[in-house]
$ cat structure16.tsv   # TSV, C-alpha atoms and all ligand atoms
chain	number	residue	atom	x	y	z
A	13	MET	CA	-5.84	14.11	3.17
A	14	ILE	CA	-7.24	10.78	2.12
A	15	ASP	CA	-6.12	7.56	3.81
A	16	CYS	CA	-5.47	5.45	0.71
A	17	HIS	CA	-4.58	2.12	2.32
A	18	THR	CA	-6.92	0.55	4.90
A	19	HIS	CA	-8.44	-2.83	5.66
A	20	THR	CA	-11.87	-3.65	7.10
A	21	THR	CA	-13.47	-6.96	8.08
A	22	HIS	CA	-13.43	-7.82	4.37
A	23	SER	CA	-9.79	-8.66	5.06
A	24	PRO	CA	-9.08	-11.49	7.53
A	25	ASP	CA	-6.84	-9.24	9.63
A	26	GLY	CA	-9.26	-6.29	9.62
A	27	THR	CA	-11.23	-5.68	12.81
A	28	ALA	CA	-13.89	-3.10	11.94
A	29	SER	CA	-16.70	-2.40	9.53
A	30	MET	CA	-16.47	0.26	6.85
A	31	ALA	CA	-18.80	2.52	8.87
A	32	THR	CA	-16.57	2.30	11.96
A	33	MET	CA	-13.42	3.00	9.93
A	34	LEU	CA	-15.20	5.89	8.24
A	35	ARG	CA	-16.19	7.41	11.60
A	36	SER	CA	-12.55	7.33	12.62
A	37	ALA	CA	-11.58	9.14	9.39
A	38	GLN	CA	-14.30	11.71	9.98
A	39	ALA	CA	-13.17	12.31	13.55
A	40	LEU	CA	-9.73	13.18	12.18
A	41	GLY	CA	-11.20	15.45	9.53
A	42	LEU	CA	-9.86	13.38	6.64
A	43	ALA	CA	-11.28	14.12	3.20
A	44	GLY	CA	-11.70	10.45	2.40
A	45	ILE	CA	-10.79	6.85	2.98
A	46	THR	CA	-10.01	4.04	0.54
A	47	PHE	CA	-10.76	0.48	1.59
A	48	THR	CA	-8.02	-1.64	0.04
A	49	GLU	CA	-8.79	-5.21	1.06
A	50	HIS	CA	-6.38	-8.07	0.55
A	51	ALA	CA	-6.65	-10.16	-2.60
A	52	GLU	CA	-4.22	-13.07	-2.21
A	53	TRP	CA	-3.84	-16.22	-4.27
A	54	TYR	CA	-1.18	-18.21	-2.43
A	55	PRO	CA	-3.13	-20.98	-0.68
A	56	GLY	CA	-1.01	-20.55	2.46
A	57	ASP	CA	-2.08	-16.94	2.91
A	58	GLU	CA	-4.76	-16.27	5.51
A	59	ALA	CA	-6.49	-14.01	2.98
A	60	TYR	CA	-6.67	-16.79	0.39
A	61	GLY	CA	-10.28	-17.16	-0.74
A	62	TYR	CA	-11.47	-14.75	1.94
A	63	LEU	CA	-12.52	-11.66	0.02
A	64	ASP	CA	-16.10	-11.51	-1.24
A	65	LEU	CA	-16.15	-8.49	-3.53
A	66	ASP	CA	-19.90	-8.55	-4.09
A	67	ALA	CA	-20.37	-8.20	-0.33
A	68	TYR	CA	-17.61	-5.57	-0.25
A	69	PHE	CA	-19.28	-3.37	-2.86
A	70	ALA	CA	-22.70	-3.84	-1.24
A	71	GLU	CA	-21.34	-2.63	2.10
A	72	LEU	CA	-19.50	0.23	0.42
A	73	GLU	CA	-22.70	1.48	-1.22
A	74	ALA	CA	-24.68	1.11	1.99
A	75	THR	CA	-22.02	2.95	3.99
A	76	ARG	CA	-21.89	5.76	1.43
A	77	ALA	CA	-25.65	6.10	1.63
A	78	CYS	CA	-25.90	6.11	5.40
A	79	CYS	CA	-22.80	7.79	6.69
A	80	ALA	CA	-20.54	9.51	4.18
A	81	ASN	CA	-21.65	13.09	4.92
A	82	GLY	CA	-19.29	14.43	2.31
A	83	THR	CA	-16.35	12.18	3.12
A	84	ARG	CA	-15.15	10.30	0.05
A	85	LEU	CA	-15.45	6.52	0.32
A	86	LEU	CA	-13.28	4.96	-2.33
A	87	ALA	CA	-13.16	1.42	-3.63
A	88	GLY	CA	-9.68	-0.07	-3.53
A	89	ILE	CA	-7.87	-3.36	-3.50
A	90	GLU	CA	-4.42	-4.51	-2.41
A	91	LEU	CA	-3.27	-7.20	-4.82
A	92	GLY	CA	-0.73	-9.55	-3.24
A	93	ASN	CA	1.85	-10.77	-5.78
A	94	PRO	CA	-0.41	-10.16	-8.79
A	95	HIS	CA	2.50	-11.00	-11.12
A	96	ASP	CA	2.42	-14.58	-9.85
A	97	PHE	CA	-1.31	-14.87	-10.61
A	98	PRO	CA	-1.82	-12.77	-13.74
A	99	GLU	CA	-5.05	-14.38	-14.91
A	100	GLU	CA	-6.73	-14.22	-11.53
A	101	ALA	CA	-5.68	-10.62	-11.02
A	102	ALA	CA	-6.82	-9.55	-14.48
A	103	ALA	CA	-10.20	-11.24	-14.05
A	104	LEU	CA	-10.78	-9.47	-10.74
A	105	LEU	CA	-9.82	-6.05	-12.12
A	106	ALA	CA	-12.02	-6.54	-15.18
A	107	ARG	CA	-15.03	-7.38	-13.06
A	108	TYR	CA	-15.07	-4.66	-10.40
A	109	PRO	CA	-14.90	-0.84	-10.58
A	110	PHE	CA	-12.00	0.13	-8.34
A	111	ASP	CA	-10.82	3.67	-7.70
A	112	LEU	CA	-7.34	2.59	-6.65
A	113	VAL	CA	-5.35	-0.61	-7.10
A	114	ILE	CA	-2.31	-1.19	-4.89
A	115	GLY	CA	0.26	-3.79	-5.97
A	116	SER	CA	2.22	-5.41	-3.12
A	117	VAL	CA	4.89	-8.06	-2.81
A	118	HIS	CA	3.90	-10.15	0.21
A	119	TRP	CA	5.41	-13.51	-0.81
A	120	LEU	CA	8.89	-14.53	-1.93
A	121	ASP	CA	9.80	-17.90	-3.44
A	122	ASN	CA	6.55	-19.46	-2.23
A	123	LEU	CA	7.12	-18.23	1.32
A	124	PRO	CA	5.33	-15.47	3.22
A	125	GLY	CA	7.44	-12.38	3.78
A	126	TRP	CA	6.51	-11.94	7.41
A	127	LYS	CA	7.94	-15.28	8.61
A	128	ARG	CA	11.49	-16.31	9.28
A	129	PRO	CA	12.21	-18.77	6.44
A	130	ILE	CA	12.57	-16.06	3.79
A	131	PHE	CA	15.43	-14.60	5.81
A	132	GLU	CA	17.47	-17.82	5.86
A	133	GLN	CA	19.95	-16.40	3.37
A	134	GLY	CA	20.66	-13.53	5.74
A	135	LEU	CA	19.19	-10.06	5.89
A	136	GLU	CA	21.22	-8.53	3.11
A	137	ALA	CA	20.47	-11.23	0.55
A	138	THR	CA	16.80	-11.19	1.51
A	139	TYR	CA	16.55	-7.44	1.06
A	140	GLN	CA	18.05	-7.78	-2.41
A	141	ARG	CA	15.74	-10.71	-3.20
A	142	TYR	CA	12.73	-8.72	-2.05
A	143	PHE	CA	13.54	-5.81	-4.33
A	144	GLU	CA	14.12	-8.19	-7.26
A	145	GLU	CA	10.61	-9.47	-6.72
A	146	VAL	CA	9.25	-5.90	-6.65
A	147	VAL	CA	11.01	-5.22	-9.97
A	148	ARG	CA	9.36	-8.31	-11.43
A	149	MET	CA	5.94	-7.24	-10.21
A	150	VAL	CA	6.28	-3.64	-11.39
A	151	GLY	CA	7.37	-4.91	-14.80
A	152	VAL	CA	4.29	-6.95	-15.56
A	153	ALA	CA	1.43	-6.36	-13.12
A	154	ASP	CA	-1.48	-3.98	-13.52
A	155	PHE	CA	-1.75	-1.63	-10.52
A	156	ASP	CA	-1.77	2.12	-9.78
A	157	ILE	CA	0.28	2.48	-6.59
A	158	LEU	CA	3.18	0.35	-5.39
A	159	GLY	CA	2.43	-0.79	-1.83
A	160	HIS	CA	5.06	-0.36	0.90
A	161	LEU	CA	8.09	-0.39	-1.41
A	162	ASP	CA	10.56	-1.57	1.24
A	163	LEU	CA	8.26	-3.77	3.32
A	164	VAL	CA	11.20	-6.11	3.87
A	165	ARG	CA	12.53	-3.53	6.35
A	166	ARG	CA	9.37	-3.76	8.43
A	167	ASP	CA	9.45	-7.55	8.32
A	168	SER	CA	13.11	-7.72	9.36
A	169	TRP	CA	12.33	-5.31	12.17
A	170	ASP	CA	9.33	-7.36	13.33
A	171	LEU	CA	11.28	-10.61	13.29
A	172	PHE	CA	14.79	-9.63	14.34
A	173	HIS	CA	14.57	-6.04	15.57
A	174	GLU	CA	17.10	-5.21	12.93
A	175	VAL	CA	17.00	-3.14	9.77
A	176	LEU	CA	19.71	-2.65	7.19
A	177	PRO	CA	20.54	0.60	5.45
A	178	LEU	CA	19.39	0.51	1.85
A	179	ASP	CA	22.56	1.95	0.27
A	180	ARG	CA	23.58	-1.39	-1.22
A	181	CYS	CA	20.17	-1.78	-2.80
A	182	ALA	CA	20.23	1.68	-4.39
A	183	THR	CA	20.62	0.38	-7.95
A	184	ILE	CA	17.71	-1.99	-7.81
A	185	ILE	CA	15.54	0.56	-5.99
A	186	ASP	CA	16.31	3.00	-8.80
A	187	ALA	CA	15.12	0.39	-11.29
A	188	ILE	CA	11.81	0.13	-9.41
A	189	LEU	CA	11.35	3.90	-9.25
A	190	GLU	CA	12.25	4.41	-12.91
A	191	GLN	CA	9.70	1.84	-13.99
A	192	LEU	CA	7.03	3.54	-11.90
A	193	VAL	CA	7.82	6.96	-13.35
A	194	THR	CA	7.91	5.85	-16.96
A	195	SER	CA	4.66	3.89	-16.63
A	196	GLY	CA	2.80	6.71	-14.84
A	197	ARG	CA	2.29	4.81	-11.62
A	198	GLY	CA	2.94	6.00	-8.09
A	199	LEU	CA	4.15	5.34	-4.59
A	200	GLU	CA	2.53	5.38	-1.19
A	201	ILE	CA	4.03	6.56	2.06
A	202	ASN	CA	2.90	3.69	4.26
A	203	THR	CA	2.94	4.71	7.92
A	204	SER	CA	2.50	1.19	9.34
A	205	GLY	CA	6.27	1.03	9.87
A	206	LEU	CA	6.04	3.92	12.32
A	207	ARG	CA	3.30	2.09	14.19
A	208	LYS	CA	5.60	-0.91	14.55
A	209	GLY	CA	8.58	1.06	15.80
A	210	LEU	CA	10.55	1.85	12.66
A	211	ALA	CA	12.09	5.29	12.62
A	212	GLU	CA	10.65	6.05	9.16
A	213	PRO	CA	7.59	5.09	7.18
A	214	ILE	CA	7.91	2.67	4.27
A	215	PRO	CA	9.47	4.03	2.21
A	216	GLY	CA	11.50	6.70	3.98
A	217	LEU	CA	13.07	9.99	2.99
A	218	ARG	CA	15.89	8.73	0.78
A	219	ILE	CA	13.64	6.70	-1.52
A	220	LEU	CA	11.07	9.47	-1.70
A	221	GLN	CA	13.75	11.99	-2.63
A	222	ARG	CA	15.09	9.67	-5.29
A	223	TYR	CA	11.60	9.10	-6.72
A	224	ARG	CA	11.16	12.87	-6.93
A	225	GLU	CA	14.60	13.31	-8.55
A	226	LEU	CA	13.66	10.77	-11.19
A	227	GLY	CA	10.52	12.74	-12.01
A	228	GLY	CA	8.03	10.92	-9.77
A	229	GLU	CA	4.92	12.92	-8.93
A	230	ILE	CA	2.23	10.46	-7.98
A	231	LEU	CA	2.23	10.00	-4.24
A	232	VAL	CA	-0.48	8.97	-1.75
A	233	LEU	CA	-0.55	8.48	2.02
A	234	GLY	CA	-1.69	5.22	3.58
A	235	SER	CA	-1.89	4.03	7.17
A	236	ASP	CA	-2.31	0.36	6.18
A	237	GLY	CA	-4.73	0.51	9.09
A	238	HIS	CA	-6.46	-2.65	10.19
A	239	ARG	CA	-8.23	-0.99	13.16
A	240	PRO	CA	-10.14	2.29	13.55
A	241	GLU	CA	-7.38	3.78	15.69
A	242	HIS	CA	-4.87	3.21	12.88
A	243	ILE	CA	-6.62	5.53	10.42
A	244	GLY	CA	-4.49	8.50	9.41
A	245	TRP	CA	-1.64	7.17	11.55
A	246	ARG	CA	1.14	9.78	11.84
A	247	PHE	CA	0.02	11.52	8.65
A	248	ASP	CA	1.64	14.68	10.06
A	249	THR	CA	5.00	12.89	9.91
A	250	ALA	CA	4.26	11.57	6.43
A	251	ARG	CA	3.37	15.07	5.20
A	252	ASP	CA	6.56	16.54	6.62
A	253	LEU	CA	8.53	13.77	4.98
A	254	ALA	CA	6.84	14.27	1.61
A	255	ARG	CA	7.57	17.98	1.75
A	256	ALA	CA	11.17	17.33	2.75
A	257	ALA	CA	11.49	15.05	-0.27
A	258	GLY	CA	10.28	17.84	-2.57
A	259	PHE	CA	6.59	17.04	-2.95
A	260	GLU	CA	3.97	19.77	-2.68
A	261	ARG	CA	0.88	17.68	-3.23
A	262	VAL	CA	-0.53	14.17	-3.19
A	263	ALA	CA	-2.74	12.52	-5.78
A	264	ARG	CA	-6.44	11.86	-5.52
A	265	PHE	CA	-7.58	8.81	-7.45
A	266	SER	CA	-10.97	8.00	-8.87
A	267	GLN	CA	-11.69	5.09	-11.21
A	268	ARG	CA	-7.98	4.34	-11.32
A	269	GLN	CA	-7.00	7.79	-12.60
A	270	VAL	CA	-5.41	10.75	-10.87
A	271	VAL	CA	-8.31	13.21	-11.01
A	272	ASP	CA	-7.06	15.87	-8.62
A	273	TRP	CA	-4.22	16.90	-6.35
A	274	ILE	CA	-4.33	17.72	-2.65
A	275	ASP	CA	-1.84	20.26	-1.32
A	276	LEU	CA	0.35	19.02	1.48
G	1	ZN	ZN	0.59	-5.11	2.22
G	2	ZN	ZN	-2.33	-3.48	3.49
$ encode --input "structure16.tsv" --output "structure tokens"
Amino acid sequence: MIDCHTHTTHSPDGTASMATMLRSAQALGLAGITFTEHAEWYPGDEAYGYLDLDAYFAELEATRACCANGTRLLAGIELGNPHDFPEEAAALLARYPFDLVIGSVHWLDNLPGWKRPIFEQGLEATYQRYFEEVVRMVGVADFDILGHLDLVRRDSWDLFHEVLPLDRCATIIDAILEQLVTSGRGLEINTSGLRKGLAEPIPGLRILQRYRELGGEILVLGSDGHRPEHIGWRFDTARDLARAAGFERVARFSQRQVVDWIDL
């Protein structure tokens, strides 16, 4: 497996260098690791203006040269709300050679998703609002993998220790999945929810099954790890879940294309 969603000290909330994160991946016997640092453009975000991609690529090359030993080190990025900053996002993608681009909704209505104000309308309305924003992003933004499709569940768990079933959002979630399938983009199973006490990763079985039913094939696993001990977090659970949803393999990306498949 490859851990396709990780953050190093090139993200403000990352704690370790690429070499340290790589050692953790190697200790687990992973085939590779993708460093997907935060690119954020809302001035209130702690990642705003933080990422220095020249320094990122310099460290990536140096780490490949010193320590890869056959493990794939892949260049990635996690774009936060790229649909709200189309020119900035396009300029960044045109300038740097990424292997994998994750698109993530982190902000709603000029508010960060991980703080209480976005939930003022109540959990149910906020869930719906979150998915509407994901639909908007998927419709216009350039990315390869949709990050943590139902992140709003993790945020509502973090803040209120409460999660809602997603049945009432089934129609809008279908719209997201259909857009991904028809545009040839994919999903991640993000295991950070498990780390924070959710019963399932984000997304869970029902959404993965539905994605498969709709013809979805492109799937990757990501720990969303910000520390070495997060790498490959509960990938055994994620594999079981992917298999239960009808997947037999995950995608391997290079230069923003699926170039191979890895059996689960
Ligand atoms: Zn994210
Ligand atoms: Zn992330």
$ atom_distance --input "structure16.tsv" --atom1 "atom CA of Thr46 of chain A" --atom2 "atom CA of Leu63 of chain A"
15.9 Å
$ residues_near_ligand --input "structure16.tsv" --ligand "ligand ZN 2 (chain G)" --cutoff "7 Å" --atoms "only C-alpha atoms and all ligand atoms" --output "JSON, numbers by chain"
{"A": [17, 18, 19, 48, 50, 90, 236]}
$ residues_near_ligand --input "structure16.tsv" --ligand "ligand ZN 1 (chain G)" --cutoff "8 Å" --atoms "all atoms listed in the file" --output "MDAnalysis selection string"
chainID A and resid 50 90 92 116:118 159:160 163 236
$ closest_residue --input "structure16.tsv" --among "A:Leu231, A:Leu199, A:Val152, A:Leu40" --to "Asp248 of chain A" --atoms "all atoms listed in the file"
A:Leu40
$ axis_aligned_box --input "structure16.tsv" --around "segment 235-250 of chain A" --padding-each-side "5 Å" --output "AutoDock Vina command-line options"
--center_x -2.6 --center_y 6.0 --center_z 10.9 --size_x 25.1 --size_y 27.3 --size_z 19.5
$ closest_residue --input "structure16.tsv" --among "A:Thr75, A:Thr21, A:Ile14, A:Glu144" --to "Asp272 of chain A" --atoms "all atoms listed in the file"
A:Ile14
$ atom_distance --input "structure16.tsv" --atom1 "atom CA of Pro129 of chain A" --atom2 "atom CA of Trp169 of chain A"
14.6 Å
$ closest_residue --input "structure16.tsv" --among "A:Ala87, A:Leu158, A:Leu192, A:Ala153" --to "Glu229 of chain A" --atoms "all atoms listed in the file"
A:Leu192
$ closest_residue --input "structure16.tsv" --among "A:Glu260, A:Glu200, A:Glu49, A:Asp170" --to "Ser235 of chain A" --atoms "only C-alpha atoms"
A:Glu200
$ atom_distance --input "structure16.tsv" --atom1 "atom CA of Leu210 of chain A" --atom2 "atom CA of His173 of chain A"
9.3 Å
$ residues_around --input "structure16.tsv" --residues "Arg107 of chain A" --least-positions-apart "3" --cutoff "12 Å" --atoms "only C-alpha atoms" --output "PyMOL selection string"
chain A and resi 65-66+69+100-104+110
$ residues_around --input "structure16.tsv" --residues "Leu161 of chain A" --least-positions-apart "3" --cutoff "12 Å" --atoms "only C-alpha atoms" --output "MDAnalysis selection string"
chainID A and resid 114:118 139 142:147 149:150 157:158 164:166 178 184:186 188:189 192 198:203 205 213:216 219:220 223
$ residues_around --input "structure16.tsv" --residues "Phe259 of chain A" --least-positions-apart "2" --cutoff "12 Å" --atoms "all atoms listed in the file" --output "PDB file with C-alpha atoms, in the frame of the given file"
ATOM      1  CA  ILE A 201       4.030   6.560   2.060  1.00  0.00           C
ATOM      2  CA  LEU A 217      13.070   9.990   2.990  1.00  0.00           C
ATOM      3  CA  LEU A 220      11.070   9.470  -1.700  1.00  0.00           C
ATOM      4  CA  GLN A 221      13.750  11.990  -2.630  1.00  0.00           C
ATOM      5  CA  ARG A 222      15.090   9.670  -5.290  1.00  0.00           C
ATOM      6  CA  TYR A 223      11.600   9.100  -6.720  1.00  0.00           C
ATOM      7  CA  ARG A 224      11.160  12.870  -6.930  1.00  0.00           C
ATOM      8  CA  GLU A 225      14.600  13.310  -8.550  1.00  0.00           C
ATOM      9  CA  GLY A 227      10.520  12.740 -12.010  1.00  0.00           C
ATOM     10  CA  GLY A 228       8.030  10.920  -9.770  1.00  0.00           C
ATOM     11  CA  GLU A 229       4.920  12.920  -8.930  1.00  0.00           C
ATOM     12  CA  ILE A 230       2.230  10.460  -7.980  1.00  0.00           C
ATOM     13  CA  LEU A 231       2.230  10.000  -4.240  1.00  0.00           C
ATOM     14  CA  VAL A 232      -0.480   8.970  -1.750  1.00  0.00           C
ATOM     15  CA  ALA A 250       4.260  11.570   6.430  1.00  0.00           C
ATOM     16  CA  ARG A 251       3.370  15.070   5.200  1.00  0.00           C
ATOM     17  CA  ASP A 252       6.560  16.540   6.620  1.00  0.00           C
ATOM     18  CA  LEU A 253       8.530  13.770   4.980  1.00  0.00           C
ATOM     19  CA  ALA A 254       6.840  14.270   1.610  1.00  0.00           C
ATOM     20  CA  ARG A 255       7.570  17.980   1.750  1.00  0.00           C
ATOM     21  CA  ALA A 256      11.170  17.330   2.750  1.00  0.00           C
ATOM     22  CA  ALA A 257      11.490  15.050  -0.270  1.00  0.00           C
ATOM     23  CA  ARG A 261       0.880  17.680  -3.230  1.00  0.00           C
ATOM     24  CA  VAL A 262      -0.530  14.170  -3.190  1.00  0.00           C
ATOM     25  CA  ALA A 263      -2.740  12.520  -5.780  1.00  0.00           C
ATOM     26  CA  TRP A 273      -4.220  16.900  -6.350  1.00  0.00           C
ATOM     27  CA  ILE A 274      -4.330  17.720  -2.650  1.00  0.00           C
ATOM     28  CA  ASP A 275      -1.840  20.260  -1.320  1.00  0.00           C
ATOM     29  CA  LEU A 276       0.350  19.020   1.480  1.00  0.00           C
TER      30      LEU A 276
END
$ residues_around --input "structure16.tsv" --residues "Glu136 of chain A" --least-positions-apart "6" --cutoff "10 Å" --atoms "only C-alpha atoms" --output "PyMOL selection string"
chain A and resi 142+175-178+180-181
$ write_last_selection --input "structure16.tsv" --atoms "C-alpha atoms" --output "short mmCIF file (atom, residue, chain, number, x, y, z; two decimals), in the frame of the given file"
data_model
loop_
_atom_site.label_atom_id
_atom_site.label_comp_id
_atom_site.auth_asym_id
_atom_site.auth_seq_id
_atom_site.Cartn_x
_atom_site.Cartn_y
_atom_site.Cartn_z
CA TYR A 142 12.73 -8.72 -2.05
CA VAL A 175 17.00 -3.14 9.77
CA LEU A 176 19.71 -2.65 7.19
CA PRO A 177 20.54 0.60 5.45
CA LEU A 178 19.39 0.51 1.85
CA ARG A 180 23.58 -1.39 -1.22
CA CYS A 181 20.17 -1.78 -2.80
#
$ decode --input "structure16.tsv" --residues "segment 208-228 of chain A" --atoms "N, CA and C atoms" --output "PDB file, in the first residue's frame"
ATOM      1  N   LYS A 208      -9.561   9.536  15.571  1.00  0.00           N
ATOM      2  CA  LYS A 208     -10.249  10.486  16.463  1.00  0.00           C
ATOM      3  C   LYS A 208     -11.486   9.883  17.111  1.00  0.00           C
ATOM      4  N   GLY A 209     -11.685   8.582  16.925  1.00  0.00           N
ATOM      5  CA  GLY A 209     -12.763   7.932  17.667  1.00  0.00           C
ATOM      6  C   GLY A 209     -14.023   7.639  16.893  1.00  0.00           C
ATOM      7  N   LEU A 210     -14.071   8.015  15.610  1.00  0.00           N
ATOM      8  CA  LEU A 210     -15.228   7.631  14.798  1.00  0.00           C
ATOM      9  C   LEU A 210     -15.197   6.124  14.565  1.00  0.00           C
ATOM     10  N   ALA A 211     -16.378   5.568  14.372  1.00  0.00           N
ATOM     11  CA  ALA A 211     -16.459   4.121  14.170  1.00  0.00           C
ATOM     12  C   ALA A 211     -15.978   3.716  12.775  1.00  0.00           C
ATOM     13  N   GLU A 212     -16.026   4.648  11.820  1.00  0.00           N
ATOM     14  CA  GLU A 212     -15.649   4.347  10.444  1.00  0.00           C
ATOM     15  C   GLU A 212     -14.685   5.417   9.937  1.00  0.00           C
ATOM     16  N   PRO A 213     -13.907   5.067   8.923  1.00  0.00           N
ATOM     17  CA  PRO A 213     -13.111   6.116   8.278  1.00  0.00           C
ATOM     18  C   PRO A 213     -14.011   7.104   7.541  1.00  0.00           C
ATOM     19  N   ILE A 214     -13.408   8.116   6.944  1.00  0.00           N
ATOM     20  CA  ILE A 214     -14.179   9.068   6.146  1.00  0.00           C
ATOM     21  C   ILE A 214     -13.752   8.946   4.687  1.00  0.00           C
ATOM     22  N   PRO A 215     -14.632   8.468   3.794  1.00  0.00           N
ATOM     23  CA  PRO A 215     -15.992   8.027   4.104  1.00  0.00           C
ATOM     24  C   PRO A 215     -16.015   6.571   4.558  1.00  0.00           C
ATOM     25  N   GLY A 216     -17.220   6.154   4.991  1.00  0.00           N
ATOM     26  CA  GLY A 216     -17.415   4.795   5.472  1.00  0.00           C
ATOM     27  C   GLY A 216     -18.015   3.883   4.416  1.00  0.00           C
ATOM     28  N   LEU A 217     -18.458   2.714   4.892  1.00  0.00           N
ATOM     29  CA  LEU A 217     -18.867   1.638   3.978  1.00  0.00           C
ATOM     30  C   LEU A 217     -19.970   2.049   3.004  1.00  0.00           C
ATOM     31  N   ARG A 218     -20.997   2.705   3.506  1.00  0.00           N
ATOM     32  CA  ARG A 218     -22.156   2.998   2.654  1.00  0.00           C
ATOM     33  C   ARG A 218     -21.767   3.850   1.440  1.00  0.00           C
ATOM     34  N   ILE A 219     -20.975   4.880   1.687  1.00  0.00           N
ATOM     35  CA  ILE A 219     -20.565   5.763   0.580  1.00  0.00           C
ATOM     36  C   ILE A 219     -19.635   5.024  -0.379  1.00  0.00           C
ATOM     37  N   LEU A 220     -18.759   4.208   0.171  1.00  0.00           N
ATOM     38  CA  LEU A 220     -17.850   3.452  -0.698  1.00  0.00           C
ATOM     39  C   LEU A 220     -18.623   2.473  -1.576  1.00  0.00           C
ATOM     40  N   GLN A 221     -19.602   1.818  -0.979  1.00  0.00           N
ATOM     41  CA  GLN A 221     -20.448   0.895  -1.757  1.00  0.00           C
ATOM     42  C   GLN A 221     -21.168   1.639  -2.875  1.00  0.00           C
ATOM     43  N   ARG A 222     -21.699   2.787  -2.529  1.00  0.00           N
ATOM     44  CA  ARG A 222     -22.455   3.571  -3.507  1.00  0.00           C
ATOM     45  C   ARG A 222     -21.548   4.039  -4.654  1.00  0.00           C
ATOM     46  N   TYR A 223     -20.354   4.470  -4.303  1.00  0.00           N
ATOM     47  CA  TYR A 223     -19.364   4.882  -5.318  1.00  0.00           C
ATOM     48  C   TYR A 223     -19.082   3.714  -6.268  1.00  0.00           C
ATOM     49  N   ARG A 224     -18.923   2.541  -5.694  1.00  0.00           N
ATOM     50  CA  ARG A 224     -18.662   1.348  -6.518  1.00  0.00           C
ATOM     51  C   ARG A 224     -19.870   1.038  -7.407  1.00  0.00           C
ATOM     52  N   GLU A 225     -21.062   1.099  -6.832  1.00  0.00           N
ATOM     53  CA  GLU A 225     -22.296   0.851  -7.597  1.00  0.00           C
ATOM     54  C   GLU A 225     -22.418   1.797  -8.789  1.00  0.00           C
ATOM     55  N   LEU A 226     -21.984   3.015  -8.590  1.00  0.00           N
ATOM     56  CA  LEU A 226     -22.099   4.026  -9.650  1.00  0.00           C
ATOM     57  C   LEU A 226     -20.969   3.905 -10.675  1.00  0.00           C
ATOM     58  N   GLY A 227     -20.091   2.923 -10.467  1.00  0.00           N
ATOM     59  CA  GLY A 227     -19.019   2.700 -11.439  1.00  0.00           C
ATOM     60  C   GLY A 227     -17.666   3.239 -11.012  1.00  0.00           C
ATOM     61  N   GLY A 228     -17.569   3.715  -9.775  1.00  0.00           N
ATOM     62  CA  GLY A 228     -16.309   4.266  -9.272  1.00  0.00           C
ATOM     63  C   GLY A 228     -15.248   3.190  -9.112  1.00  0.00           C
TER      64      GLY A 228
END
